[in-house]
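Shown next: input-v2.cif, containing mmCIF, C-alpha atoms.
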data_work
loop_
_atom_site.label_atom_id
_atom_site.label_comp_id
_atom_site.auth_asym_id
_atom_site.auth_seq_id
_atom_site.Cartn_x
_atom_site.Cartn_y
_atom_site.Cartn_z
CA MET M 9 -12.67 -10.28 -16.83
CA LYS M 10 -10.55 -7.15 -16.30
CA ILE M 11 -13.33 -4.97 -17.71
CA MET M 12 -15.83 -6.65 -15.39
CA ALA M 13 -13.54 -6.16 -12.37
CA LYS M 14 -13.05 -2.45 -13.06
CA GLY M 15 -16.76 -2.06 -13.72
CA MET M 16 -17.57 -3.59 -10.34
CA ILE M 17 -15.23 -1.14 -8.60
CA LYS M 18 -16.68 1.89 -10.37
CA ARG M 19 -20.26 0.80 -9.72
CA THR M 20 -19.48 0.57 -6.00
CA ALA M 21 -17.87 4.01 -6.14
CA GLU M 22 -20.88 5.59 -7.83
CA LYS M 23 -23.35 3.89 -5.49
CA LYS M 24 -21.48 4.80 -2.29
CA GLY M 25 -20.54 8.40 -3.08
CA VAL M 26 -16.82 8.08 -3.78
CA PRO M 27 -15.88 11.30 -5.70
CA TRP M 28 -14.17 9.34 -8.48
CA THR M 29 -14.74 11.74 -11.38
CA ARG M 30 -14.18 14.91 -9.35
CA ARG M 31 -10.86 13.66 -8.00
CA TYR M 32 -9.74 12.54 -11.43
CA GLU M 33 -10.57 15.88 -13.05
CA ASP M 34 -8.93 17.82 -10.21
CA LEU M 35 -5.68 15.89 -10.58
CA GLU M 36 -5.81 16.05 -14.36
CA ALA M 37 -6.01 19.87 -14.19
CA SER M 38 -3.33 20.23 -11.50
CA GLU M 39 0.41 20.92 -11.55
CA VAL M 40 1.13 17.21 -10.98
CA TYR M 41 2.81 16.97 -14.41
CA GLU M 42 5.41 19.55 -13.37
CA ILE M 43 6.17 17.56 -10.22
CA PHE M 44 6.88 14.38 -12.20
CA PRO M 45 10.43 15.29 -13.37
CA GLU M 46 11.31 16.31 -9.81
CA ILE M 47 10.22 12.92 -8.47
CA GLU M 48 11.34 10.52 -11.20
CA ASN M 49 14.65 8.74 -10.70
CA CYS M 50 15.69 8.03 -14.29
CA SER M 51 18.24 5.45 -13.16
CA VAL M 52 15.54 3.12 -11.80
CA GLU M 53 15.24 -0.13 -13.75
CA TYR M 54 11.76 -1.61 -13.55
CA PRO M 55 11.69 -5.35 -12.79
CA SER M 56 9.76 -7.44 -15.29
CA TYR M 57 7.13 -8.43 -12.72
CA TYR M 58 6.19 -4.76 -12.31
CA THR M 59 5.60 -3.94 -15.96
CA LEU M 60 2.70 -6.37 -16.33
CA GLN M 61 -0.93 -5.28 -16.42
CA PHE M 62 -2.31 -4.50 -12.96
CA HIS M 63 -5.85 -3.57 -11.95
CA GLY M 64 -6.99 -3.51 -15.56
CA TYR M 65 -4.44 -0.91 -16.70
CA GLU M 66 -2.36 -1.93 -19.72
CA GLU M 67 0.70 -0.10 -18.31
CA GLY M 68 0.14 -1.35 -14.78
CA ASN M 69 1.08 1.35 -12.28
CA LEU M 70 3.15 3.35 -14.75
CA ASN M 71 0.52 5.74 -16.07
CA TRP M 72 -1.48 8.81 -15.05
CA LYS M 73 -4.89 7.13 -15.22
CA ALA M 74 -3.93 4.62 -12.54
CA ALA M 75 -2.38 7.38 -10.44
CA PHE M 76 -5.49 9.55 -10.67
CA GLU M 77 -7.84 6.69 -9.74
CA VAL M 78 -5.96 4.80 -7.05
CA GLU M 79 -7.20 6.79 -4.04
CA SER M 80 -10.80 6.33 -5.14
CA ALA M 81 -10.12 2.61 -5.69
CA THR M 82 -8.72 2.47 -2.15
CA ASP M 83 -11.96 3.96 -0.83
CA VAL M 84 -13.88 1.27 -2.71
CA MET M 85 -11.64 -1.45 -1.24
CA CYS M 86 -12.44 -0.15 2.24
CA LEU M 87 -16.17 0.04 1.46
CA ARG M 88 -16.24 -3.49 0.05
CA THR M 89 -14.58 -4.78 3.23
CA TRP M 90 -17.82 -3.84 5.02
CA ARG M 91 -20.08 -4.27 2.02
CA ASP M 92 -23.11 -5.30 4.10
CA GLU M 93 -23.06 -2.06 6.09
CA ASP M 94 -24.55 1.21 4.90
CA ILE M 95 -21.53 3.43 5.61
CA THR M 96 -19.87 6.33 3.84
CA PRO M 97 -16.43 6.20 2.19
CA GLU M 98 -15.10 8.38 5.01
CA VAL M 99 -16.33 5.97 7.69
CA ALA M 100 -14.95 2.94 5.83
CA THR M 101 -11.48 4.42 5.24
CA THR M 102 -11.29 5.75 8.80
CA ARG M 103 -12.19 2.31 10.16
CA MET M 104 -9.53 0.67 7.97
CA LYS M 105 -6.94 3.26 9.02
CA ASN M 106 -7.75 2.85 12.70
CA ASN M 107 -7.68 -0.96 12.56
CA ILE M 108 -4.26 -0.98 10.90
CA ALA M 109 -2.90 1.75 13.17
CA TYR M 110 -4.08 -0.12 16.28
CA ALA M 111 -2.36 -3.35 15.20
CA VAL M 112 0.90 -1.58 14.38
CA LEU M 113 0.88 0.66 17.46
CA GLU M 114 0.15 -2.22 19.83
CA TYR M 115 2.94 -4.33 18.38
CA SER M 116 5.35 -1.37 18.37
CA LYS M 117 5.21 -1.33 22.18
CA SER M 118 7.56 -4.34 22.09
CA ALA M 119 9.93 -2.68 19.60
CA ARG M 120 12.27 0.30 19.77
CA ALA M 121 10.86 3.83 19.86
CA VAL M 122 9.69 4.85 16.39
CA LYS M 123 11.50 7.98 15.21
CA ASP M 124 12.04 7.16 11.53
CA VAL M 125 9.38 5.46 9.39
CA LEU M 126 9.71 4.09 5.86
CA ASP M 127 6.49 3.31 4.00
CA VAL M 128 7.43 0.89 1.20
CA GLY M 129 5.10 0.80 -1.80
CA CYS M 130 3.39 3.96 -0.59
CA SER M 131 1.43 4.55 -3.84
CA VAL M 132 -0.16 8.03 -3.70
CA GLY M 133 0.70 8.45 -0.03
CA VAL M 134 -2.55 7.35 1.65
CA SER M 135 -0.80 4.85 3.94
CA THR M 136 2.09 7.27 4.53
CA ARG M 137 -0.28 9.93 5.79
CA TRP M 138 -1.92 7.32 8.02
CA LEU M 139 1.50 6.48 9.50
CA ALA M 140 2.35 10.15 10.00
CA GLU M 141 -0.87 10.48 12.00
CA ALA M 142 -0.19 7.33 14.03
CA PHE M 143 3.40 8.37 14.83
CA PRO M 144 3.15 12.18 15.07
CA SER M 145 6.72 12.73 16.27
CA ALA M 146 8.36 10.46 13.69
CA SER M 147 9.99 11.39 10.39
CA CYS M 148 8.13 9.66 7.54
CA THR M 149 9.36 8.69 4.08
CA GLY M 150 7.19 7.15 1.37
CA LEU M 151 8.89 5.00 -1.27
CA ASP M 152 7.32 3.66 -4.46
CA LEU M 153 8.29 2.33 -7.88
CA SER M 154 5.74 4.44 -9.77
CA PRO M 155 6.79 8.07 -10.32
CA TYR M 156 3.19 8.74 -11.40
CA PHE M 157 1.85 7.67 -8.01
CA LEU M 158 4.60 9.59 -6.22
CA SER M 159 3.84 12.76 -8.15
CA VAL M 160 0.26 12.63 -6.85
CA ALA M 161 1.54 11.95 -3.31
CA GLU M 162 3.87 14.94 -3.51
CA LEU M 163 1.09 17.15 -4.86
CA VAL M 164 -1.10 16.24 -1.87
CA GLU M 165 1.85 16.93 0.45
CA ARG M 166 2.33 20.40 -0.98
CA ARG M 167 -1.38 21.14 -0.75
CA THR M 168 -1.61 20.06 2.90
CA ALA M 169 1.82 21.09 4.24
CA ASP M 170 0.30 23.84 6.38
CA GLN M 171 -1.57 21.16 8.34
CA ARG M 172 1.77 19.84 9.65
CA PRO M 173 3.87 22.95 10.33
CA GLY M 174 7.59 22.23 10.60
CA ARG M 175 7.16 18.62 9.53
CA ARG M 176 7.14 17.09 6.09
CA ILE M 177 6.58 13.69 4.50
CA LYS M 178 9.31 12.92 1.97
CA TYR M 179 8.79 10.77 -1.11
CA MET M 180 11.33 8.69 -3.00
CA HIS M 181 11.29 6.82 -6.33
CA ALA M 182 13.07 3.48 -5.86
CA LYS M 183 12.63 -0.30 -5.84
CA ALA M 184 11.30 -1.85 -2.64
CA GLU M 185 13.85 -4.67 -2.77
CA ALA M 186 16.83 -2.39 -3.51
CA THR M 187 16.11 1.05 -2.06
CA GLY M 188 19.66 2.38 -2.00
CA LEU M 189 18.98 3.83 1.46
CA PRO M 190 21.52 3.53 4.32
CA SER M 191 21.52 0.43 6.49
CA LYS M 192 20.11 0.65 10.02
CA SER M 193 18.35 3.96 9.34
CA TYR M 194 14.71 3.19 10.24
CA ASP M 195 12.72 2.05 13.26
CA LEU M 196 9.61 0.97 11.34
CA VAL M 197 9.33 -0.33 7.80
CA ASN M 198 5.71 -0.57 6.66
CA VAL M 199 4.63 -2.53 3.57
CA GLN M 200 0.89 -2.05 3.04
CA TYR M 201 -1.13 -3.79 0.31
CA VAL M 202 2.02 -4.35 -1.77
CA VAL M 203 3.19 -7.97 -1.62
CA HIS M 204 0.04 -9.42 -3.20
CA GLU M 205 1.29 -7.58 -6.31
CA CYS M 206 4.72 -9.27 -6.14
CA PRO M 207 6.03 -12.71 -7.02
CA ALA M 208 7.27 -14.70 -4.04
CA GLU M 209 10.93 -14.07 -4.85
CA ALA M 210 10.41 -10.30 -4.81
CA THR M 211 8.56 -10.52 -1.50
CA VAL M 212 11.50 -12.38 0.06
CA ASN M 213 13.86 -9.69 -1.24
CA ILE M 214 11.63 -6.92 0.16
CA VAL M 215 11.68 -8.56 3.61
CA ARG M 216 15.46 -8.96 3.33
CA GLU M 217 15.88 -5.30 2.40
CA ALA M 218 13.69 -4.26 5.33
CA TRP M 219 15.99 -6.20 7.66
CA ARG M 220 18.98 -4.27 6.27
CA LEU M 221 17.22 -0.92 6.69
CA LEU M 222 16.02 -1.48 10.26
CA ARG M 223 17.95 -0.56 13.37
CA PRO M 224 18.25 -3.31 16.00
CA GLY M 225 14.91 -3.50 17.75
CA GLY M 226 13.10 -2.01 14.77
CA MET M 227 9.95 -3.59 13.35
CA LEU M 228 8.61 -4.65 9.97
CA ALA M 229 4.86 -4.62 9.34
CA VAL M 230 3.33 -6.19 6.22
CA ILE M 231 -0.40 -5.53 5.86
CA ASP M 232 -2.33 -7.27 3.10
CA GLN M 233 -5.10 -9.71 2.30
CA ASP M 234 -5.40 -12.64 4.70
CA PRO M 235 -5.32 -16.06 2.98
CA ARG M 236 -6.56 -17.60 6.25
CA SER M 237 -9.67 -15.46 6.45
CA ARG M 238 -12.96 -17.25 6.06
CA THR M 239 -14.18 -14.38 3.87
CA LEU M 240 -11.39 -14.86 1.35
CA GLN M 241 -11.58 -18.64 1.46
CA ASN M 242 -15.34 -18.52 0.82
CA LEU M 243 -15.13 -15.96 -1.98
CA PRO M 244 -17.47 -16.99 -4.81
CA PRO M 245 -15.57 -18.46 -7.79
CA LEU M 246 -16.54 -15.60 -10.10
CA LEU M 247 -15.30 -12.93 -7.68
CA PHE M 248 -12.08 -14.86 -7.09
CA THR M 249 -11.55 -15.12 -10.85
CA LEU M 250 -12.19 -11.37 -11.16
CA LEU M 251 -9.63 -10.73 -8.43
CA LYS M 252 -6.99 -12.83 -10.15
CA SER M 253 -7.69 -11.18 -13.51
CA THR M 254 -6.29 -7.88 -12.20
CA GLU M 255 -3.61 -9.31 -9.87
CA PRO M 256 -1.09 -11.40 -11.86
CA TRP M 257 0.83 -12.56 -8.75
CA CYS M 258 -2.18 -13.30 -6.57
CA ASP M 259 -1.68 -17.10 -6.53
CA GLU M 260 1.94 -16.84 -5.40
CA TYR M 261 0.95 -14.47 -2.60
CA LEU M 262 -1.93 -16.58 -1.34
CA THR M 263 0.17 -19.75 -1.16
CA MET M 264 3.37 -18.38 0.38
CA ASP M 265 4.29 -18.71 4.06
CA LEU M 266 4.93 -15.06 4.88
CA GLU M 267 5.59 -15.70 8.56
CA GLY M 268 8.17 -18.29 7.54
CA VAL M 269 9.83 -15.72 5.29
CA PHE M 270 10.09 -13.31 8.22
CA GLU M 271 11.67 -15.99 10.39
CA SER M 272 14.07 -17.20 7.70
CA GLU M 273 15.31 -13.63 7.24
CA GLY M 274 16.05 -13.28 10.95
CA PHE M 275 12.98 -11.55 12.39
CA LYS M 276 11.90 -12.54 15.91
CA ASN M 277 8.59 -12.42 17.76
CA VAL M 278 6.79 -12.82 14.44
CA ALA M 279 3.09 -12.12 14.94
CA TYR M 280 -0.02 -12.70 12.85
CA VAL M 281 -2.70 -10.13 13.67
CA PRO M 282 -6.02 -9.91 11.77
CA VAL M 283 -6.96 -6.27 11.14
CA ASP M 284 -10.46 -7.12 9.94
CA HIS M 285 -12.33 -10.13 8.53
CA ARG M 286 -10.28 -10.24 5.30
CA HIS M 287 -6.94 -8.49 5.98
CA ARG M 288 -3.99 -9.23 8.25
CA SER M 289 -0.75 -7.78 9.50
CA ILE M 290 2.40 -9.88 9.82
CA MET M 291 4.94 -8.17 12.08
CA GLY M 292 8.41 -8.97 13.35
CA ILE M 293 11.33 -7.37 15.20
CA LYS M 294 14.96 -7.22 14.17
CA ARG M 295 16.91 -8.56 17.13
#
Is it possible to give me this structure as structure tokens?
Amino acid sequence: MKIMAKGMIKRTAEKKGVPWTRRYEDLEASEVYEIFPEIENCSVEYPSYYTLQFHGYEEGNLNWKAAFEVESATDVMCLRTWRDEDITPEVATTRMKNNIAYAVLEYSKSARAVKDVLDVGCSVGVSTRWLAEAFPSASCTGLDLSPYFLSVAELVERRTADQRPGRRIKYMHAKAEATGLPSKSYDLVNVQYVVHECPAEATVNIVREAWRLLRPGGMLAVIDQDPRSRTLQNLPPLLFTLLKSTEPWCDEYLTMDLEGVFESEGFKNVAYVPVDHRHRSIMGIKR
């Protein structure tokens, strides 16, 4: 099943023009390996839920192959969201970015001014760069548990730093549920396409940690698949089985009451906002 799932992703990539092989070879030949020891926090202890197989990789997110392929896989995810449209990877990812940014920006009007942003589970920095674009005057930090992913994110940052003179995205290797960062130090905590890869207990702890990190009036946004969406509910059994074969915690995510978790951890004005026909954002404010 895992082989079939990865094959489906790569076939979509090849058909739609995602530069999968070129990106991989570029990263493989880059200085990303030298960045790794700068990024890795050797004191981090990986929780058992994180060391399982994810997305068909035996080592989950803790390997170079996953790190070199994740941006291309993200493009495929965006393309498959609008699979019936003949659009390019650039159009699909831009549409996804804009939909998410609109939901977060609209909700942020009811929260405190966003000056400090923390992107939890930032992977290779795609979502962090989206946030930096949406909040151009804010300081942005990307946090992830994979030093392999973070090394790629930092490489991209160094390659594109001249596009944001005087401003830099920072990356940090730490656990989402125990960041070690100071309390009340952020105005927006973003958790994008992360919690479907976590057991329910870890998700509760991530929401709890976000509450600690937020200043009063700050907001938490969790963007992920929408269990309520008709598209997801009507997914053919084979495709749903393929999905679960690469996502070991999928069942726990799909059955948990995420809005209830927000409310139980003290968030107010909790909102459910669809960002497209199969993804949602759950947002709340720390009062």
**OP:** Would you translate the PyMOL selection byres ((chain M and resi 77) around 10) into the concrete set of residues it matches in this file, as a ChimeraX atom specification?
**Re:** /M:28-29,31-32,35,72-76,78-82,132,157
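With all atoms listed in the file as the basis for measurement, M:His63 is the residue among M:His63, M:Lys192, M:Arg30, M:Arg223 that approaches Glu255 (chain M) most closely.
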Subject >> Which of M:Arg286, M:Ser154, M:Val203, M:Arg91 sits closest to Cys50 (chain M) [using all atoms listed in the file] >> reply: M:Ser154
**OP:** Can you turn the PyMOL selection byres ((chain M and resi 126) around 8) into a concrete residue list for this file, as a count of residues only?
**Re:** 12
**OP:** With the file shown as input, list the residues that the PyMOL selection byres ((chain M and resi 105) around 10) selects, as a list in words.
**Re:** Cys86, Val99, Ala100, Thr101, Thr102, Arg103, Met104, Asn106, Asn107, Ile108, Ala109, Tyr110, Val134, Ser135, Arg137, Trp138, Leu139, Glu141, Ala142 and Val283 of chain M
**OP:** Please provide as a ChimeraX atom specification all residues within 7 Å of Pro235 (chain M), with the sequence filter that same-chain residues fewer than 3 positions apart are discarded (counting all atoms listed in the file).
**Re:** /M:240-241,262
Subject >> Separation of CA of Glu185 (chain M) from CA of Glu165 (chain M), in Å and rounded to one decimal >> reply: 24.9 Å
Subject >> Option closest in space to Asp83 (chain M), from M:Thr20, M:Ser56, M:Ser51, M:Gln61 [counting all atoms listed in the file] >> reply: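 Result for the nearest residue to Asp83 (chain M): M:Thr20.
Going from CA of Arg238 (chain M) to CA of Ala111 (chain M) covers 19.7 Å.
Among the candidates M:Leu70, M:Val278, M:Met291, M:Val40, the residue lying nearest to Glu162 (chain M) is M:Val40 (atoms considered: all atoms listed in the file).
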Subject >> Surrounding residues of Tyr58 (chain M) excluding itself and chain neighbours under 2 positions, 10 Å, only C-alpha atoms, as a PyMOL selection string >> reply: chain M and resi 54-56+60-62+67-70+153-154+205-207+256
**OP:** Quote the spacing between CA of Asp284 (chain M) and CA of Asp265 (chain M) in Å to one decimal place.
**Re:** 19.7 Å
Subject >> Proximity to Pro27 (chain M) - best of M:Glu217, M:Asp195, M:Glu98, M:Glu209, all atoms listed in the file >> reply: M:Glu98
Any idea what's packed within 12 Å of Asp94 (chain M), counting all atoms listed in the file, ignoring anything in its chain fewer than 5 positions away? Could you give it as a PDB file with C-alpha atoms, keeping the file's coordinate frame?
ATOM      1  CA  LYS M  23     -23.350   3.890  -5.490  1.00  0.00           C
ATOM      2  CA  LYS M  24     -21.480   4.800  -2.290  1.00  0.00           C
ATOM      3  CA  GLY M  25     -20.540   8.400  -3.080  1.00  0.00           C
ATOM      4  CA  LEU M  87     -16.170   0.040   1.460  1.00  0.00           C
ATOM      5  CA  ARG M  88     -16.240  -3.490   0.050  1.00  0.00           C
ATOM      6  CA  THR M  89     -14.580  -4.780   3.230  1.00  0.00           C
ATOM      7  CA  VAL M  99     -16.330   5.970   7.690  1.00  0.00           C
ATOM      8  CA  ALA M 100     -14.950   2.940   5.830  1.00  0.00           C
TER       9      ALA M 100
END
Can you put N, CA, C and O atoms back into region 136-153 of chain M and show it as a CSV table (one decimal), in the frame of the given file?
chain,number,residue,atom,x,y,z
M,136,THR,N,1.0,6.5,3.9
M,136,THR,CA,2.1,7.3,4.5
M,136,THR,C,1.5,8.3,5.4
M,136,THR,O,2.0,8.6,6.5
M,137,ARG,N,0.4,8.9,5.0
M,137,ARG,CA,-0.3,9.9,5.8
M,137,ARG,C,-0.9,9.3,7.0
M,137,ARG,O,-0.9,9.9,8.1
M,138,TRP,N,-1.4,8.0,6.9
M,138,TRP,CA,-1.9,7.3,8.0
M,138,TRP,C,-0.8,7.1,9.0
M,138,TRP,O,-1.0,7.3,10.3
M,139,LEU,N,0.4,6.7,8.6
M,139,LEU,CA,1.5,6.5,9.5
M,139,LEU,C,1.9,7.8,10.2
M,139,LEU,O,2.3,7.8,11.4
M,140,ALA,N,2.0,8.9,9.4
M,140,ALA,CA,2.4,10.2,10.0
M,140,ALA,C,1.4,10.6,11.1
M,140,ALA,O,1.8,11.1,12.1
M,141,GLU,N,0.1,10.2,11.0
M,141,GLU,CA,-0.9,10.5,12.0
M,141,GLU,C,-0.7,9.6,13.2
M,141,GLU,O,-0.8,10.0,14.4
M,142,ALA,N,-0.4,8.3,12.9
M,142,ALA,CA,-0.2,7.3,14.0
M,142,ALA,C,1.1,7.6,14.8
M,142,ALA,O,1.1,7.3,16.1
M,143,PHE,N,2.1,8.1,14.2
M,143,PHE,CA,3.4,8.4,14.8
M,143,PHE,C,3.7,9.9,14.6
M,143,PHE,O,4.6,10.2,13.8
M,144,PRO,N,3.1,10.7,15.3
M,144,PRO,CA,3.2,12.2,15.1
M,144,PRO,C,4.5,12.8,15.3
M,144,PRO,O,4.8,13.9,14.8
M,145,SER,N,5.4,12.2,16.0
M,145,SER,CA,6.7,12.7,16.3
M,145,SER,C,7.8,12.1,15.4
M,145,SER,O,9.0,12.5,15.5
M,146,ALA,N,7.4,11.2,14.5
M,146,ALA,CA,8.4,10.5,13.7
M,146,ALA,C,8.6,11.2,12.3
M,146,ALA,O,7.7,11.9,11.9
M,147,SER,N,9.7,11.0,11.8
M,147,SER,CA,10.0,11.4,10.4
M,147,SER,C,9.5,10.3,9.4
M,147,SER,O,9.9,9.1,9.6
M,148,CYS,N,8.7,10.7,8.4
M,148,CYS,CA,8.1,9.7,7.5
M,148,CYS,C,8.6,9.8,6.1
M,148,CYS,O,8.6,11.0,5.6
M,149,THR,N,9.0,8.7,5.5
M,149,THR,CA,9.4,8.7,4.1
M,149,THR,C,8.5,7.7,3.4
M,149,THR,O,8.4,6.5,3.8
M,150,GLY,N,7.9,8.1,2.2
M,150,GLY,CA,7.2,7.2,1.4
M,150,GLY,C,8.0,6.8,0.2
M,150,GLY,O,8.6,7.7,-0.5
M,151,LEU,N,8.1,5.5,-0.2
M,151,LEU,CA,8.9,5.0,-1.3
M,151,LEU,C,8.0,4.2,-2.2
M,151,LEU,O,7.2,3.4,-1.7
M,152,ASP,N,8.1,4.4,-3.5
M,152,ASP,CA,7.3,3.7,-4.5
M,152,ASP,C,8.1,3.5,-5.8
M,152,ASP,O,9.0,4.3,-6.0
M,153,LEU,N,7.6,2.6,-6.6
M,153,LEU,CA,8.3,2.3,-7.9
M,153,LEU,C,7.6,3.1,-9.0
M,153,LEU,O,8.1,3.1,-10.1
